[in-house]
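Asks: Contents of data-v9.cif (mmCIF, C-alpha atoms) are given next:
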data_run
loop_
_atom_site.group_PDB
_atom_site.id
_atom_site.type_symbol
_atom_site.label_atom_id
_atom_site.label_comp_id
_atom_site.auth_asym_id
_atom_site.auth_seq_id
_atom_site.Cartn_x
_atom_site.Cartn_y
_atom_site.Cartn_z
ATOM 1 C CA MET D 1 25.130 15.015 4.816
ATOM 2 C CA LYS D 2 22.877 12.399 3.242
ATOM 3 C CA LYS D 3 20.910 12.098 6.480
ATOM 4 C CA ASN D 4 20.307 15.846 6.540
ATOM 5 C CA ARG D 5 18.893 15.715 3.029
ATOM 6 C CA PHE D 6 16.426 13.011 4.034
ATOM 7 C CA GLU D 7 15.513 14.891 7.185
ATOM 8 C CA ARG D 8 14.728 17.962 5.089
ATOM 9 C CA ILE D 9 12.493 15.879 2.811
ATOM 10 C CA HIS D 10 10.769 14.424 5.860
ATOM 11 C CA LYS D 11 10.188 17.804 7.493
ATOM 12 C CA THR D 12 8.876 19.416 4.307
ATOM 13 C CA ILE D 13 6.387 16.586 3.752
ATOM 14 C CA GLU D 14 5.162 16.641 7.343
ATOM 15 C CA ASP D 15 4.775 20.427 7.351
ATOM 16 C CA ARG D 16 2.769 20.233 4.132
ATOM 17 C CA PHE D 17 0.609 17.408 5.478
ATOM 18 C CA ILE D 18 -0.127 19.325 8.657
ATOM 19 C CA LYS D 19 -1.018 22.385 6.587
ATOM 20 C CA ASN D 20 -3.328 20.204 4.442
ATOM 21 C CA LEU D 21 -5.060 18.966 7.587
ATOM 22 C CA GLU D 22 -6.578 22.450 7.902
ATOM 23 C CA MET D 23 -8.978 21.327 5.150
ATOM 24 C CA LEU D 24 -10.573 18.840 7.548
ATOM 25 C CA ASP D 25 -14.053 19.651 8.815
ATOM 26 C CA MET D 26 -14.840 17.531 11.854
ATOM 27 C CA SER D 27 -18.245 19.025 12.588
ATOM 28 C CA SER D 28 -19.995 15.790 11.535
ATOM 29 C CA LYS D 29 -19.076 12.346 10.242
ATOM 30 C CA GLU D 30 -20.342 13.234 6.745
ATOM 31 C CA ARG D 31 -18.358 16.475 6.577
ATOM 32 C CA PHE D 32 -15.308 14.730 7.929
ATOM 33 C CA LEU D 33 -15.398 11.995 5.264
ATOM 34 C CA GLU D 34 -16.036 14.536 2.524
ATOM 35 C CA THR D 35 -13.081 16.684 3.538
ATOM 36 C CA PHE D 36 -10.872 13.685 4.363
ATOM 37 C CA ALA D 37 -10.965 12.773 0.658
ATOM 38 C CA SER D 38 -9.207 16.099 -0.052
ATOM 39 C CA LEU D 39 -6.195 14.924 1.918
ATOM 40 C CA TRP D 40 -5.481 12.313 -0.769
ATOM 41 C CA LYS D 41 -3.272 12.744 -3.805
ATOM 42 C CA LYS D 42 -6.425 12.753 -5.915
ATOM 43 C CA LYS D 43 -9.818 13.308 -4.350
ATOM 44 C CA LYS D 44 -11.234 10.109 -5.909
ATOM 45 C CA SER D 45 -8.286 8.080 -4.567
ATOM 46 C CA PHE D 46 -9.897 7.643 -1.161
ATOM 47 C CA LYS D 47 -12.923 5.844 -2.634
ATOM 48 C CA GLU D 48 -10.708 3.787 -4.978
ATOM 49 C CA HIS D 49 -8.503 2.685 -2.097
ATOM 50 C CA ILE D 50 -11.535 1.720 -0.020
ATOM 51 C CA LYS D 51 -12.568 -0.621 -2.848
ATOM 52 C CA THR D 52 -9.073 -2.104 -2.927
ATOM 53 C CA ARG D 53 -8.924 -2.603 0.859
ATOM 54 C CA LEU D 54 -12.365 -4.251 0.746
ATOM 55 C CA ARG D 55 -11.083 -6.696 -1.868
ATOM 56 C CA TYR D 56 -8.201 -7.551 0.454
ATOM 57 C CA LYS D 57 -10.739 -7.827 3.307
ATOM 58 C CA HIS D 58 -8.550 -5.459 5.292
ATOM 59 C CA VAL D 59 -11.474 -3.214 6.145
ATOM 60 C CA PRO D 60 -14.984 -4.329 7.204
ATOM 61 C CA GLU D 61 -17.865 -3.791 4.761
ATOM 62 C CA ARG D 62 -19.858 -1.943 7.394
ATOM 63 C CA ASN D 63 -18.631 1.617 7.921
ATOM 64 C CA ALA D 64 -15.600 0.896 5.673
ATOM 65 C CA GLU D 65 -14.807 4.557 4.930
ATOM 66 C CA MET D 66 -14.752 5.587 8.568
ATOM 67 C CA PHE D 67 -12.810 2.481 9.587
ATOM 68 C CA TYR D 68 -10.140 3.226 6.960
ATOM 69 C CA ALA D 69 -9.903 6.928 7.814
ATOM 70 C CA LYS D 70 -9.584 6.136 11.539
ATOM 71 C CA LYS D 71 -7.004 3.449 10.788
ATOM 72 C CA ILE D 72 -4.890 5.976 8.888
ATOM 73 C CA PHE D 73 -4.853 8.406 11.813
ATOM 74 C CA GLU D 74 -4.269 5.511 14.202
ATOM 75 C CA VAL D 75 -1.160 4.474 12.227
ATOM 76 C CA LEU D 76 0.086 8.069 12.172
ATOM 77 C CA ALA D 77 -0.622 8.433 15.887
ATOM 78 C CA SER D 78 1.118 5.248 16.973
ATOM 79 C CA HIS D 79 3.710 4.437 14.303
ATOM 80 C CA ASN D 80 7.069 3.174 15.476
ATOM 81 C CA LYS D 81 9.077 3.499 12.284
ATOM 82 C CA VAL D 82 9.397 5.995 9.425
ATOM 83 C CA ILE D 83 10.990 5.296 6.055
ATOM 84 C CA ILE D 84 11.868 8.321 3.946
ATOM 85 C CA GLU D 85 12.387 7.862 0.218
ATOM 86 C CA LYS D 86 14.713 10.119 -1.757
ATOM 87 C CA THR D 87 11.990 10.481 -4.402
ATOM 88 C CA GLY D 88 9.993 12.391 -1.802
ATOM 89 C CA LYS D 89 7.669 9.985 -0.052
ATOM 90 C CA VAL D 90 7.390 9.097 3.605
ATOM 91 C CA ASN D 91 6.156 5.729 4.897
ATOM 92 C CA TYR D 92 4.792 5.564 8.466
ATOM 93 C CA ILE D 93 4.791 2.020 9.806
ATOM 94 C CA GLN D 94 2.728 0.723 12.710
ATOM 95 C CA ASN D 95 3.543 -2.625 14.326
ATOM 96 C CA GLU D 96 5.249 -3.831 11.153
ATOM 97 C CA ASP D 97 1.932 -4.410 9.431
ATOM 98 C CA TRP D 98 0.061 -1.186 8.524
ATOM 99 C CA ILE D 99 1.740 1.475 6.386
ATOM 100 C CA VAL D 100 0.611 5.000 5.481
ATOM 101 C CA VAL D 101 2.417 6.677 2.579
ATOM 102 C CA LEU D 102 2.546 10.473 2.192
ATOM 103 C CA THR D 103 3.616 12.218 -1.017
ATOM 104 C CA LYS D 104 6.013 15.109 -1.540
ATOM 105 C CA GLN D 105 2.987 17.431 -1.502
ATOM 106 C CA GLY D 106 1.961 16.191 1.921
ATOM 107 C CA LYS D 107 -0.996 14.233 0.573
ATOM 108 C CA ILE D 108 -1.969 10.629 1.335
ATOM 109 C CA LYS D 109 -0.787 8.307 -1.442
ATOM 110 C CA THR D 110 -2.045 5.066 0.071
ATOM 111 C CA ALA D 111 -2.473 3.145 3.314
ATOM 112 C CA PHE D 112 -2.378 -0.621 3.457
ATOM 113 C CA LYS D 113 -2.014 -3.650 5.667
ATOM 114 C CA LEU D 114 1.055 -5.733 5.005
ATOM 115 C CA ASP D 115 0.376 -9.488 5.165
ATOM 116 C CA ILE D 116 4.024 -10.076 4.272
ATOM 117 C CA PRO D 117 6.934 -9.671 6.724
ATOM 118 C CA LEU D 118 8.136 -6.063 6.779
ATOM 119 C CA GLN D 119 11.692 -7.150 6.000
ATOM 120 C CA LYS D 120 10.546 -8.630 2.669
ATOM 121 C CA TRP D 121 8.793 -5.373 1.812
ATOM 122 C CA LYS D 122 12.005 -3.481 2.604
ATOM 123 C CA ASN D 123 14.086 -5.963 0.595
ATOM 124 C CA SER D 124 11.854 -5.415 -2.406
ATOM 125 C CA HIS D 125 12.576 -1.675 -2.199
ATOM 126 C CA LYS D 126 16.305 -2.396 -2.204
ATOM 127 C CA PHE D 127 15.804 -4.720 -5.165
ATOM 128 C CA MET D 128 14.148 -1.847 -7.057
ATOM 129 C CA GLY D 129 17.129 0.373 -6.159
ATOM 130 C CA LYS D 130 15.194 2.816 -3.964
ATOM 131 C CA ASP D 131 17.333 5.253 -2.026
ATOM 132 C CA GLU D 132 15.796 5.558 1.430
ATOM 133 C CA VAL D 133 16.612 5.901 5.111
ATOM 134 C CA GLU D 134 14.870 4.627 8.195
ATOM 135 C CA ASN D 135 14.053 6.780 11.198
ATOM 136 C CA TYR D 136 12.264 6.294 14.459
ATOM 137 C CA GLU D 137 8.898 7.804 15.229
ATOM 138 C CA SER D 138 7.919 11.324 14.302
ATOM 139 C CA LYS D 139 6.650 13.107 17.413
ATOM 140 C CA GLN D 140 5.128 15.974 15.423
ATOM 141 C CA ILE D 141 2.863 13.702 13.359
ATOM 142 C CA LYS D 142 1.986 11.592 16.388
ATOM 143 C CA THR D 143 0.756 14.608 18.352
ATOM 144 C CA VAL D 144 -1.341 15.973 15.480
ATOM 145 C CA ALA D 145 -2.823 12.562 14.579
ATOM 146 C CA GLN D 146 -3.687 11.778 18.201
ATOM 147 C CA ARG D 147 -5.565 15.058 18.444
ATOM 148 C CA ILE D 148 -7.611 14.293 15.310
ATOM 149 C CA LEU D 149 -8.228 10.721 16.416
ATOM 150 C CA GLY D 150 -9.634 12.019 19.671
ATOM 151 C CA ARG D 151 -12.096 14.222 17.793
ATOM 152 C CA ILE D 152 -13.285 11.614 15.283
ATOM 153 C CA ARG D 153 -13.499 8.680 17.694
ATOM 154 C CA LYS D 154 -17.222 9.337 18.232
ATOM 155 C CA PHE D 155 -18.062 9.029 14.484
ATOM 156 C CA MET M 1 2.768 -21.916 6.567
ATOM 157 C CA LYS M 2 -0.873 -22.400 7.504
ATOM 158 C CA VAL M 3 -3.608 -23.006 4.931
ATOM 159 C CA ASN M 4 -5.494 -19.884 6.040
ATOM 160 C CA LYS M 5 -2.419 -17.726 5.479
ATOM 161 C CA LEU M 6 -2.014 -19.168 1.982
ATOM 162 C CA LYS M 7 -5.649 -18.432 1.186
ATOM 163 C CA GLN M 8 -5.123 -14.882 2.449
ATOM 164 C CA LEU M 9 -2.110 -14.514 0.146
ATOM 165 C CA LEU M 10 -4.055 -15.867 -2.797
ATOM 166 C CA ARG M 11 -6.895 -13.436 -2.106
ATOM 167 C CA GLY M 12 -4.364 -10.617 -1.756
ATOM 168 C CA TYR M 13 -2.785 -11.461 -5.112
ATOM 169 C CA TRP M 14 -6.214 -11.395 -6.748
ATOM 170 C CA ALA M 15 -7.194 -8.173 -4.957
ATOM 171 C CA GLY M 16 -4.014 -6.456 -6.115
ATOM 172 C CA LEU M 17 -4.545 -7.482 -9.726
ATOM 173 C CA GLU M 18 -8.199 -6.401 -9.706
ATOM 174 C CA SER M 19 -7.141 -2.985 -8.408
ATOM 175 C CA PHE M 20 -4.065 -2.525 -10.613
ATOM 176 C CA ASP M 21 -3.377 1.059 -11.665
ATOM 177 C CA ILE M 22 -0.234 2.187 -13.486
ATOM 178 C CA GLU M 23 0.164 5.117 -11.081
ATOM 179 C CA GLU M 24 -0.090 3.045 -7.904
ATOM 180 C CA GLU M 25 3.412 1.638 -7.383
ATOM 181 C CA GLU M 26 2.897 0.751 -3.719
ATOM 182 C CA GLU M 27 -0.092 -1.414 -4.630
ATOM 183 C CA ALA M 28 1.803 -3.031 -7.509
ATOM 184 C CA ASN M 29 4.683 -3.731 -5.117
ATOM 185 C CA LEU M 30 2.182 -5.692 -3.005
ATOM 186 C CA ILE M 31 1.135 -7.776 -6.022
ATOM 187 C CA PHE M 32 4.792 -8.768 -6.485
ATOM 188 C CA LEU M 33 5.260 -9.569 -2.784
ATOM 189 C CA TYR M 34 2.120 -11.709 -2.566
ATOM 190 C CA ARG M 35 3.091 -13.615 -5.705
ATOM 191 C CA GLN M 36 6.643 -14.118 -4.458
ATOM 192 C CA GLU M 37 5.353 -15.487 -1.155
ATOM 193 C CA LEU M 38 2.947 -17.798 -2.990
ATOM 194 C CA GLU M 39 5.791 -19.066 -5.155
ATOM 195 C CA GLU M 40 7.849 -19.955 -2.081
ATOM 196 C CA ASN M 41 4.931 -21.937 -0.662
ATOM 197 C CA LYS M 42 3.406 -23.261 -3.866
ATOM 198 C CA HIS M 43 3.977 -26.861 -2.831
ATOM 199 C CA LEU M 44 1.503 -26.335 0.035
ATOM 200 C CA LEU M 45 -1.350 -25.138 -2.184
ATOM 201 C CA SER M 46 -4.302 -27.439 -2.847
ATOM 202 C CA LYS M 47 -5.072 -28.450 -6.429
ATOM 203 C CA LYS M 48 -8.009 -26.039 -6.469
ATOM 204 C CA ASP M 49 -5.882 -23.178 -5.211
ATOM 205 C CA LYS M 50 -3.146 -23.962 -7.742
ATOM 206 C CA GLU M 51 -5.797 -23.634 -10.441
ATOM 207 C CA LYS M 52 -6.823 -20.274 -9.017
ATOM 208 C CA LEU M 53 -3.201 -19.162 -8.946
ATOM 209 C CA TYR M 54 -2.832 -20.141 -12.602
ATOM 210 C CA GLU M 55 -5.956 -18.158 -13.476
ATOM 211 C CA TYR M 56 -4.644 -15.079 -11.607
ATOM 212 C CA ASP M 57 -1.243 -15.433 -13.295
ATOM 213 C CA LEU M 58 -2.968 -15.248 -16.657
ATOM 214 C CA LYS M 59 -4.686 -12.076 -15.489
ATOM 215 C CA ALA M 60 -1.296 -10.638 -14.409
ATOM 216 C CA LEU M 61 0.174 -11.476 -17.800
ATOM 217 C CA GLU M 62 -2.788 -9.906 -19.574
ATOM 218 C CA LEU M 63 -2.342 -6.714 -17.528
ATOM 219 C CA TYR M 64 1.360 -6.623 -18.260
ATOM 220 C CA GLU M 65 0.785 -7.010 -22.002
ATOM 221 C CA LYS M 66 -1.750 -4.191 -21.849
ATOM 222 C CA TYR M 67 0.465 -1.751 -19.963
ATOM 223 C CA LYS M 68 4.050 -2.776 -20.734
ATOM 224 C CA ASN M 69 4.753 0.335 -22.823
ATOM 225 C CA PHE M 70 4.017 2.656 -19.911
ATOM 226 C CA LYS M 71 7.208 3.566 -18.074
ATOM 227 C CA THR M 72 6.015 3.589 -14.496
ATOM 228 C CA GLU M 73 7.215 1.857 -11.366
ATOM 229 C CA ALA M 74 3.880 0.043 -11.084
ATOM 230 C CA VAL M 75 4.448 -1.526 -14.507
ATOM 231 C CA ASP M 76 8.004 -2.462 -13.449
ATOM 232 C CA TRP M 77 6.540 -4.347 -10.475
ATOM 233 C CA LEU M 78 4.092 -6.091 -12.771
ATOM 234 C CA LYS M 79 6.993 -7.115 -14.999
ATOM 235 C CA GLU M 80 8.842 -8.571 -11.990
ATOM 236 C CA THR M 81 5.676 -10.422 -10.986
ATOM 237 C CA VAL M 82 5.307 -11.972 -14.435
ATOM 238 C CA LYS M 83 8.961 -13.065 -14.300
ATOM 239 C CA ILE M 84 8.197 -15.197 -11.222
ATOM 240 C CA PHE M 85 5.757 -17.459 -13.023
ATOM 241 C CA LYS M 86 6.363 -17.022 -16.731
ATOM 242 C CA SER M 87 8.568 -20.102 -17.065
ATOM 243 C CA ASP M 88 5.720 -22.207 -15.612
ATOM 244 C CA LEU M 89 3.192 -21.160 -18.226
ATOM 245 C CA SER M 90 2.778 -23.013 -21.487
ATOM 246 C CA PRO M 91 5.321 -22.160 -24.208
ATOM 247 C CA GLN M 92 2.821 -20.295 -26.358
ATOM 248 C CA LEU M 93 2.419 -17.711 -23.591
ATOM 249 C CA LYS M 94 6.138 -16.982 -23.332
#
As structure tokens, please, write out the structure in this file.
Replies:
Amino acid sequence: MKKNRFERIHKTIEDRFIKNLEMLDMSSKERFLETFASLWKKKKSFKEHIKTRLRYKHVPERNAEMFYAKKIFEVLASHNKVIIEKTGKVNYIQNEDWIVVLTKQGKIKTAFKLDIPLQKWKNSHKFMGKDEVENYESKQIKTVAQRILGRIRKF
Amino acid sequence: MKVNKLKQLLRGYWAGLESFDIEEEEEANLIFLYRQELEENKHLLSKKDKEKLYEYDLKALELYEKYKNFKTEAVDWLKETVKIFKSDLSPQLK
């Protein structure tokens, strides 16, 4: 029963995210980056998170915005683990070190590189009393993200 | 743990604090994790890096004092971060 509830949360978020992807304009790099910002919880979040990732040195200074956007689709296209939170967030994890978080509304909350072992990150969630379940990959998101990645690779 | 990894953790702790936002719980969770990892390996830090860590801890404390009345998960993470080092700071900061 509990698993079904989490699966419903997961499906709703993914459906909303895929619907939100219709906002993307991939006719040019500039249009893509402009519309990519609309996929975030707040439009200004994308720029704020770029600044943060630059401070961590997790994105290069040159072409940082495009690198980060591509990285997000790369994580979604090749993730091997999904963690669904009861509060309505989904975490897509790639190779235990990059995580993309989607909100209940199917928007991007954040995406970050984890320099800490994944198990410690998960333990900290338990410590904070988060109710969550772990799933394997999501084929739906992988297919959609791979398609977008293929179209933006040239930018 | 290698020196480079420790420097990366120290930079990460600083980066997290510089970017702190009361609505960004995932980022605040990272601040806690970096600080926890630094605590476990503190004995391996150079004197200069220990001084940096102390300086960043003061920044974390300052942020917590500024935002402690906001009931958000990000502030909860900041509180847990401060708990890691608070006993090491001078009594007047407790």
Asks: Enter the distance from atom CA of M:Lys7 to atom CA of D:Leu114, in Å, rounded to one decimal.
Replies: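 Between atom CA of M:Lys7 and atom CA of D:Leu114 the gap works out to 14.9 Å.
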Asks: If the PyMOL selection byres ((chain D) within 6 of (chain M)) were run on this exact file, what residues would it hold? Put them as a list in words.
Replies: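 Matching residues under the PyMOL selection byres ((chain D) within 6 of (chain M)) are Thr52, Arg55 and Tyr56 of chain D.
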Asks: Atom CA of D:Phe73 to atom CA of D:Lys142: how many Å, to one decimal?
Replies: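 Between atom CA of D:Phe73 and atom CA of D:Lys142 the gap is 8.8 Å.
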Asks: Expand the PyMOL selection byres ((chain D and resi 113) around 6) into the individual residues it matches in the shown file, reporting them as a ChimeraX atom specification.
Replies: /D:97-98,112,114
Asks: When the PyMOL selection byres ((chain D and resi 130) around 12) is applied to the structure above, which residues does it catch, written out as a list of chain:residue names?
Replies: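 When the PyMOL selection byres ((chain D and resi 130) around 12) is applied to the shown file, the picked residues are D:Ile83, D:Ile84, D:Glu85, D:Lys86, D:Thr87, D:Gly88, D:Lys89, D:Trp121, D:Lys122, D:Asn123, D:Ser124, D:His125, D:Lys126, D:Phe127, D:Met128, D:Gly129, D:Asp131, D:Glu132, D:Val133, M:Glu73.
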Asks: Could you list, as a compact mmCIF listing (two decimals) with C-alpha atoms, keeping the file's coordinate frame, every residue within 10 Å of D:Leu76, counting all atoms listed in the file and ignoring same-chain residues fewer than 3 positions away?
Replies:
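Below is the file that was written, around.txt:
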# COMPACT_ATOMS: atom_id res chain seq x y z
CA LYS D 70 -9.58 6.14 11.54
CA LYS D 71 -7.00 3.45 10.79
CA ILE D 72 -4.89 5.98 8.89
CA PHE D 73 -4.85 8.41 11.81
CA HIS D 79 3.71 4.44 14.30
CA ASN D 80 7.07 3.17 15.48
CA VAL D 82 9.40 6.00 9.43
CA ASN D 91 6.16 5.73 4.90
CA TYR D 92 4.79 5.56 8.47
CA ILE D 93 4.79 2.02 9.81
CA GLN D 94 2.73 0.72 12.71
CA TRP D 98 0.06 -1.19 8.52
CA ILE D 99 1.74 1.48 6.39
CA VAL D 100 0.61 5.00 5.48
CA VAL D 101 2.42 6.68 2.58
CA GLU D 137 8.90 7.80 15.23
CA SER D 138 7.92 11.32 14.30
CA LYS D 139 6.65 13.11 17.41
CA GLN D 140 5.13 15.97 15.42
CA ILE D 141 2.86 13.70 13.36
CA LYS D 142 1.99 11.59 16.39
CA THR D 143 0.76 14.61 18.35
CA VAL D 144 -1.34 15.97 15.48
CA ALA D 145 -2.82 12.56 14.58
CA GLN D 146 -3.69 11.78 18.20
CA LEU D 149 -8.23 10.72 16.42
Asks: Please compute the atom CA of D:Lys11-atom CA of D:Met66 distance, one decimal, in Å.
Replies: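 We find that atom CA of D:Lys11 and atom CA of D:Met66 lie 27.8 Å from each other.
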Asks: If I wrap all listed atoms of stretch 35-49 of chain D in a box with edges along x, y and z and add 3 Å on each side, what are its centre and edge lengths in Å to one decimal, as AutoDock Vina command-line options?
Replies:
--center_x -8.2 --center_y 9.7 --center_z -0.8 --size_x 15.8 --size_y 20.0 --size_z 16.3
Asks: Between D:Asp115, D:Asp25, D:Glu134, D:Glu65, which one has atoms that come closest to D:Val90, using all atoms listed in the file?
Replies: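 For D:Val90, the nearest of the given residues is D:Glu134.
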Asks: Take the point (3.9, 15.3, 0.7) as written in the file and pick out every residue within 10 Å of it, counting all atoms listed in the file; give the list as an mmCIF file with C-alpha atoms, keeping the file's coordinate frame.
Replies:
data_model
loop_
_atom_site.group_PDB
_atom_site.id
_atom_site.type_symbol
_atom_site.label_atom_id
_atom_site.label_comp_id
_atom_site.auth_asym_id
_atom_site.auth_seq_id
_atom_site.Cartn_x
_atom_site.Cartn_y
_atom_site.Cartn_z
ATOM 1 C CA ILE D 9 12.493 15.879 2.811
ATOM 2 C CA HIS D 10 10.769 14.424 5.860
ATOM 3 C CA LYS D 11 10.188 17.804 7.493
ATOM 4 C CA THR D 12 8.876 19.416 4.307
ATOM 5 C CA ILE D 13 6.387 16.586 3.752
ATOM 6 C CA GLU D 14 5.162 16.641 7.343
ATOM 7 C CA ASP D 15 4.775 20.427 7.351
ATOM 8 C CA ARG D 16 2.769 20.233 4.132
ATOM 9 C CA PHE D 17 0.609 17.408 5.478
ATOM 10 C CA ILE D 18 -0.127 19.325 8.657
ATOM 11 C CA ASN D 20 -3.328 20.204 4.442
ATOM 12 C CA TRP D 40 -5.481 12.313 -0.769
ATOM 13 C CA LYS D 41 -3.272 12.744 -3.805
ATOM 14 C CA GLY D 88 9.993 12.391 -1.802
ATOM 15 C CA LYS D 89 7.669 9.985 -0.052
ATOM 16 C CA VAL D 90 7.390 9.097 3.605
ATOM 17 C CA VAL D 101 2.417 6.677 2.579
ATOM 18 C CA LEU D 102 2.546 10.473 2.192
ATOM 19 C CA THR D 103 3.616 12.218 -1.017
ATOM 20 C CA LYS D 104 6.013 15.109 -1.540
ATOM 21 C CA GLN D 105 2.987 17.431 -1.502
ATOM 22 C CA GLY D 106 1.961 16.191 1.921
ATOM 23 C CA LYS D 107 -0.996 14.233 0.573
ATOM 24 C CA ILE D 108 -1.969 10.629 1.335
ATOM 25 C CA LYS D 109 -0.787 8.307 -1.442
#
Asks: Can you work out which one of M:Val75, M:Thr81, M:Lys86, M:Leu61 has the shortest atom-to-atom distance to M:Ile22, counting all atoms listed in the file?
Replies: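 Ranking M:Val75, M:Thr81, M:Lys86, M:Leu61 by distance to M:Ile22, first place goes to M:Val75.
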Asks: Compare D:Met26, D:Ile116, D:Val59, D:Leu21 by their minimum atom-to-atom distance to D:Gly150, counting only C-alpha atoms, and give me the closest one.
Replies: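 Between D:Met26, D:Ile116, D:Val59, D:Leu21, the residue approaching D:Gly150 most closely is D:Met26.
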Asks: With a distance cut-off of 8 Å and all atoms listed in the file, select the neighbouring residues of stretch 1-4 of chain M, excluding the residue or stretch itself and same-chain residues fewer than 4 positions from it, and output the selection as a PyMOL selection string.
Replies: chain M and resi 8+41+44-45
Asks: Missing atoms in stretch 24-30 of chain M: fill them in up to all heavy atoms and send the result as a PDB file, keeping the file's coordinate frame.
Replies:
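Writing done, so here's out-v9.pdb:
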ATOM      1  N   GLU M  24      -0.077   3.481  -9.310  1.00  0.00           N
ATOM      2  CA  GLU M  24      -0.090   3.045  -7.904  1.00  0.00           C
ATOM      3  C   GLU M  24       1.028   2.037  -7.651  1.00  0.00           C
ATOM      4  O   GLU M  24       0.797   0.821  -7.576  1.00  0.00           O
ATOM      5  CB  GLU M  24      -1.458   2.432  -7.555  1.00  0.00           C
ATOM      6  CG  GLU M  24      -2.624   3.382  -7.698  1.00  0.00           C
ATOM      7  CD  GLU M  24      -2.778   4.318  -6.499  1.00  0.00           C
ATOM      8  OE1 GLU M  24      -1.971   4.248  -5.570  1.00  0.00           O
ATOM      9  OE2 GLU M  24      -3.724   5.123  -6.530  1.00  0.00           O
ATOM     10  N   GLU M  25       2.267   2.539  -7.526  1.00  0.00           N
ATOM     11  CA  GLU M  25       3.412   1.638  -7.383  1.00  0.00           C
ATOM     12  C   GLU M  25       3.427   0.861  -6.071  1.00  0.00           C
ATOM     13  O   GLU M  25       3.859  -0.293  -6.038  1.00  0.00           O
ATOM     14  CB  GLU M  25       4.741   2.381  -7.577  1.00  0.00           C
ATOM     15  CG  GLU M  25       5.027   3.517  -6.619  1.00  0.00           C
ATOM     16  CD  GLU M  25       4.462   4.849  -7.075  1.00  0.00           C
ATOM     17  OE1 GLU M  25       3.564   4.873  -7.924  1.00  0.00           O
ATOM     18  OE2 GLU M  25       4.936   5.883  -6.554  1.00  0.00           O
ATOM     19  N   GLU M  26       2.902   1.469  -5.008  1.00  0.00           N
ATOM     20  CA  GLU M  26       2.897   0.751  -3.719  1.00  0.00           C
ATOM     21  C   GLU M  26       1.981  -0.478  -3.807  1.00  0.00           C
ATOM     22  O   GLU M  26       2.302  -1.542  -3.271  1.00  0.00           O
ATOM     23  CB  GLU M  26       2.411   1.653  -2.576  1.00  0.00           C
ATOM     24  CG  GLU M  26       3.383   2.753  -2.185  1.00  0.00           C
ATOM     25  CD  GLU M  26       3.288   3.977  -3.078  1.00  0.00           C
ATOM     26  OE1 GLU M  26       2.361   4.043  -3.916  1.00  0.00           O
ATOM     27  OE2 GLU M  26       4.141   4.874  -2.947  1.00  0.00           O
ATOM     28  N   GLU M  27       0.848  -0.297  -4.483  1.00  0.00           N
ATOM     29  CA  GLU M  27      -0.092  -1.414  -4.630  1.00  0.00           C
ATOM     30  C   GLU M  27       0.495  -2.493  -5.541  1.00  0.00           C
ATOM     31  O   GLU M  27       0.342  -3.678  -5.284  1.00  0.00           O
ATOM     32  CB  GLU M  27      -1.431  -0.915  -5.211  1.00  0.00           C
ATOM     33  CG  GLU M  27      -2.074   0.241  -4.458  1.00  0.00           C
ATOM     34  CD  GLU M  27      -2.605  -0.145  -3.079  1.00  0.00           C
ATOM     35  OE1 GLU M  27      -2.837  -1.342  -2.843  1.00  0.00           O
ATOM     36  OE2 GLU M  27      -2.769   0.765  -2.241  1.00  0.00           O
ATOM     37  N   ALA M  28       1.186  -2.069  -6.585  1.00  0.00           N
ATOM     38  CA  ALA M  28       1.803  -3.031  -7.509  1.00  0.00           C
ATOM     39  C   ALA M  28       2.950  -3.774  -6.817  1.00  0.00           C
ATOM     40  O   ALA M  28       3.186  -4.958  -7.085  1.00  0.00           O
ATOM     41  CB  ALA M  28       2.302  -2.307  -8.757  1.00  0.00           C
ATOM     42  N   ASN M  29       3.629  -3.097  -5.913  1.00  0.00           N
ATOM     43  CA  ASN M  29       4.683  -3.731  -5.117  1.00  0.00           C
ATOM     44  C   ASN M  29       4.075  -4.881  -4.295  1.00  0.00           C
ATOM     45  O   ASN M  29       4.656  -5.958  -4.156  1.00  0.00           O
ATOM     46  CB  ASN M  29       5.308  -2.659  -4.212  1.00  0.00           C
ATOM     47  CG  ASN M  29       6.438  -3.163  -3.328  1.00  0.00           C
ATOM     48  OD1 ASN M  29       6.814  -2.501  -2.376  1.00  0.00           O
ATOM     49  ND2 ASN M  29       6.998  -4.323  -3.587  1.00  0.00           N
ATOM     50  N   LEU M  30       2.855  -4.644  -3.784  1.00  0.00           N
ATOM     51  CA  LEU M  30       2.182  -5.692  -3.005  1.00  0.00           C
ATOM     52  C   LEU M  30       1.859  -6.906  -3.869  1.00  0.00           C
ATOM     53  O   LEU M  30       2.006  -8.045  -3.432  1.00  0.00           O
ATOM     54  CB  LEU M  30       0.886  -5.147  -2.373  1.00  0.00           C
ATOM     55  CG  LEU M  30       1.041  -4.126  -1.246  1.00  0.00           C
ATOM     56  CD1 LEU M  30      -0.333  -3.685  -0.742  1.00  0.00           C
ATOM     57  CD2 LEU M  30       1.858  -4.686  -0.091  1.00  0.00           C
TER      58      LEU M  30
END
